[in-house]
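Participant: Here it is, the structure, as structure tokens.
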Amino acid sequence: MLLSRLIHYIKGYLVIRVSGHYPERFLNVCAARGILVWDIKRLSEHTIRLKISIRGFRKLTGIAAKTAVRIHIIAKCGLPIALHRYRRRKILLGGAAVCLLILIVLNQFVWDIQINGNDNVPSGLILKNLEECGLYVGQLRLFVNQKKLKNDMLIKMPDLSWIWAEKSGSKIIVNVKEKQPAPEIFNPDDYCSIVAAKDGVIDSMIVRNGMPAVKLGDTVQKNSLLVNGMIESERNIPTRYLNAEAEVYARTWYEKTKAFSRIQINRNETGNAEKKYRLKLFGLEIPFYRNPNPTYEEYNEEQKNHELSFFGNYLGISLSCDVYKEVSLTYTLLSQDSVIENGIREVEEEIDQMTLPDSELVKSTPTYHVIDNDTVEVTVIAEYIENIAQKVKLEKPEESEILPPAETQQPAE
């Protein structure tokens, strides 16, 4: 749709009104002779309005007489019409041509860099490293080597696993993926033991490989040895170093206390709004206001950004609007029972986020304490069954460090 409008504008067109007893005959004859008309709208029973190209309009003289209609020009539109209208204003046309040339030249530079996909790595740090690798605002787009930039950034920032700079006119959209910590891989021949991932009381054990270091009912602390990968023998058999495999389930307890207010704050928009505009022109930001802060004490903020683009390519010009909507605060006193119920649910969910994967809730004991008329304190003690087994890789001692079994001395003859 946008492309067809652009083509019509470049070629030029007329908006005409066709009046007669049978305007439909006029449309049929135009279609038969290959004359393109569009945006047809009926104004009355005998009158229609439509758009037609300049070349097609020149063929209507005979058709109008044949179909007994009257044609009236409503508007002349398009680039040829504008050039013909201002053909004698050479200074204006020259200025427009110079402005167009300047816009084309300025569009060859990078005026905006957008970072997408980062959660933990700050955007400022990525922009700083991009600048050191050769990508910065004001750089000529022709000199942006995307493959070299990718390789340099991955070497410079080990926290990133992937990066790519996509050109979109004067804007460079940098898409990144952060490196996720790889799980530790254990080989069957590694020397590993099992330690406790957190405090607890041993409930059950499934030992597939290794020597248990604890028994049921033992209380263990974090990093305590649960299953030993080193097996020693008293029968002069060399010490073996195994890759311990086990599931150790323990009872764990969590306690969390949190205060909740019975006063609920409601934010109601009053209908009053304040707008502050900022023009970003080729990397330079021009504010159209003196005080950046709104005059309202309480407000909701909304930001709108309008970019000037041509066929999806950013031209380096954008207009941002910060909308501040005034709100009035009203207060509602919630019932004590509802606050306690919602508070217990919230604390239980927070405790559940602290547990290990595939944990099982055994019992949850909530209590509450009324601090004052407006505040209630909720405490939850939760008991879980968790697999606290955590494998750790150890270094095997050198063979020289392993003492051979003592030999029996023979009496001297």
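We label chains A, B, ... in the order they appear in the structure tokens, count residues from 1 in each chain, and number ligands from 1 in the order shown.
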DSSP on the backbone: which residues in stretch 128-273 of chain A end up as strand (DSSP E or B)? Give the answer as a PyMOL selection string.
Facilitator: chain A and resi 140+160-169+171-178+191-196+200-209+211-212+219-220+225-228+230-231+240-241+243+245-261+263-273
Participant: Excluding A:Lys148 and residues on its chain fewer than 4 positions from it, collect all residues at most 10 Å away from it, counting only C-alpha atoms, and give them as a ChimeraX atom specification.
Facilitator: /A:133-134,144,152-153
Participant: Taking a cut-off of 12 Å and counting only C-alpha atoms, can you build a table that, for each residue of stretch 139-166 of chain A near stretch 178-181 of chain A, reports the nearest atom pair and how far apart they are in Å (one decimal), sorted by chain then residue number, as JSON lines?
Facilitator:
{"residue": "A:Leu154", "atom": "CA", "partner": "A:Lys179", "partner_atom": "CA", "distance": 10.4}
{"residue": "A:Met157", "atom": "CA", "partner": "A:Glu178", "partner_atom": "CA", "distance": 9.8}
{"residue": "A:Pro158", "atom": "CA", "partner": "A:Lys179", "partner_atom": "CA", "distance": 7.8}
{"residue": "A:Asp159", "atom": "CA", "partner": "A:Lys179", "partner_atom": "CA", "distance": 5.3}
{"residue": "A:Leu160", "atom": "CA", "partner": "A:Glu178", "partner_atom": "CA", "distance": 4.4}
{"residue": "A:Ser161", "atom": "CA", "partner": "A:Lys179", "partner_atom": "CA", "distance": 4.7}
{"residue": "A:Trp162", "atom": "CA", "partner": "A:Glu178", "partner_atom": "CA", "distance": 7.1}
{"residue": "A:Ile163", "atom": "CA", "partner": "A:Glu178", "partner_atom": "CA", "distance": 8.9}
Participant: What's the 12 Å shell around A:Lys363, counting only C-alpha atoms, without same-chain residues fewer than 4 positions away, as a count of residues only?
Facilitator: 11
Participant: Please list as a ChimeraX atom specification every residue within 9 Å of stretch 255-269 of chain A, counting only C-alpha atoms and excluding residues in the same chain fewer than 6 positions away.
Facilitator: /A:298-300,325-336,338-340,343,347-348,350-351,371,373-382
Participant: From a backbone DSSP assignment, name each residue in stretch 261-372 of chain A labelled helix (DSSP H, G or I), as a count of residues only.
Facilitator: 19
Participant: Could you build a table of the residues in stretch 83-180 of chain A lying no more than 10 Å from stretch 67-79 of chain A, giving for each the nearest pair of atoms and their separation in Å rounded to one decimal place, using only C-alpha atoms, ordered by chain and ascending residue number, as JSON lines?
Facilitator:
{"residue": "A:Leu83", "atom": "CA", "partner": "A:Leu79", "partner_atom": "CA", "distance": 6.1}
{"residue": "A:His84", "atom": "CA", "partner": "A:Leu79", "partner_atom": "CA", "distance": 8.6}
{"residue": "A:Arg85", "atom": "CA", "partner": "A:Leu79", "partner_atom": "CA", "distance": 9.8}
Participant: Taking N, CA, C and O atoms for each residue, export the selection above as a compact mmCIF listing (two decimals), in the first residue's frame.
Facilitator:
# COMPACT_ATOMS: atom_id res chain seq x y z
N LEU A 83 6.68 20.24 -8.86
CA LEU A 83 7.79 20.80 -9.61
C LEU A 83 7.31 21.84 -10.62
O LEU A 83 7.97 22.87 -10.82
N HIS A 84 6.19 21.58 -11.25
CA HIS A 84 5.65 22.56 -12.21
C HIS A 84 5.19 23.83 -11.49
O HIS A 84 5.35 24.94 -12.03
N ARG A 85 4.65 23.66 -10.29
CA ARG A 85 4.14 24.82 -9.55
C ARG A 85 5.28 25.74 -9.12
O ARG A 85 5.15 26.97 -9.11
Participant: Residues within 9 Å of A:Trp111, please, as a ChimeraX atom specification. Count only C-alpha atoms; anything in the same chain fewer than 5 positions from it doesn't count.
Facilitator: /A:106,136-139,170-172,281-284,315-317
Participant: Enter the distance from atom CA of A:Glu285 to atom CA of A:Glu297, in Å, rounded to one decimal.
Facilitator: 26.4 Å
Participant: Need to verify the contact set: A:His8, 12 Å, only C-alpha atoms, exclusion of same-chain residues closer than 5 positions in sequence. Can you return it as a count of residues only?
Facilitator: 20
Participant: List as a ChimeraX atom specification the protein and nucleic acid residues near A:Ala32, meaning an atom at most 12 Å away when only C-alpha atoms are counted, but skip any in the same chain fewer than 6 places from it.
Facilitator: /A:25-26,63
Participant: Of the candidates A:Ala97, A:Val227, A:Ala196, A:Ile344, which one gets nearest to A:Gly210 if we count only C-alpha atoms?
Facilitator: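 Using only C-alpha atoms, the shortest distance to A:Gly210 belongs to A:Val227.
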Participant: Pull the closest atom pair for each residue of stretch 100-187 of chain A that gets at most 12 Å from stretch 232-246 of chain A, along with the distance in Å to one decimal, counting only C-alpha atoms, ordering rows by chain and then ascending residue number, as JSON lines.
Facilitator:
{"residue": "A:Ile185", "atom": "CA", "partner": "A:Asn243", "partner_atom": "CA", "distance": 11.9}
{"residue": "A:Phe186", "atom": "CA", "partner": "A:Asn243", "partner_atom": "CA", "distance": 8.2}
{"residue": "A:Asn187", "atom": "CA", "partner": "A:Asn243", "partner_atom": "CA", "distance": 7.9}
Participant: Save the residues we just selected, all heavy atoms, as a PDB file, in the first residue's frame?
Facilitator:
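Output below, filename part-v1.pdb:
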ATOM      1  N   ILE A 185      31.125 -30.858  33.691  1.00  0.00           N
ATOM      2  CA  ILE A 185      31.037 -32.196  33.113  1.00  0.00           C
ATOM      3  C   ILE A 185      32.045 -33.102  33.818  1.00  0.00           C
ATOM      4  O   ILE A 185      33.221 -32.750  33.967  1.00  0.00           O
ATOM      5  CB  ILE A 185      31.330 -32.158  31.603  1.00  0.00           C
ATOM      6  CG1 ILE A 185      30.289 -31.263  30.901  1.00  0.00           C
ATOM      7  CG2 ILE A 185      31.311 -33.562  31.007  1.00  0.00           C
ATOM      8  CD1 ILE A 185      30.547 -31.080  29.432  1.00  0.00           C
ATOM      9  N   PHE A 186      31.564 -34.259  34.275  1.00  0.00           N
ATOM     10  CA  PHE A 186      32.408 -35.216  34.979  1.00  0.00           C
ATOM     11  C   PHE A 186      32.617 -36.452  34.105  1.00  0.00           C
ATOM     12  O   PHE A 186      31.664 -36.989  33.531  1.00  0.00           O
ATOM     13  CB  PHE A 186      31.765 -35.625  36.307  1.00  0.00           C
ATOM     14  CG  PHE A 186      31.514 -34.470  37.242  1.00  0.00           C
ATOM     15  CD1 PHE A 186      30.280 -33.831  37.273  1.00  0.00           C
ATOM     16  CD2 PHE A 186      32.515 -34.015  38.082  1.00  0.00           C
ATOM     17  CE1 PHE A 186      30.052 -32.772  38.136  1.00  0.00           C
ATOM     18  CE2 PHE A 186      32.301 -32.957  38.938  1.00  0.00           C
ATOM     19  CZ  PHE A 186      31.063 -32.323  38.968  1.00  0.00           C
ATOM     20  N   ASN A 187      33.859 -36.860  34.016  1.00  0.00           N
ATOM     21  CA  ASN A 187      34.192 -38.081  33.298  1.00  0.00           C
ATOM     22  C   ASN A 187      34.128 -39.287  34.241  1.00  0.00           C
ATOM     23  O   ASN A 187      34.305 -39.145  35.467  1.00  0.00           O
ATOM     24  CB  ASN A 187      35.591 -37.979  32.690  1.00  0.00           C
ATOM     25  CG  ASN A 187      35.659 -36.881  31.644  1.00  0.00           C
ATOM     26  OD1 ASN A 187      34.726 -36.702  30.867  1.00  0.00           O
ATOM     27  ND2 ASN A 187      36.764 -36.143  31.641  1.00  0.00           N
TER      28      ASN A 187
END
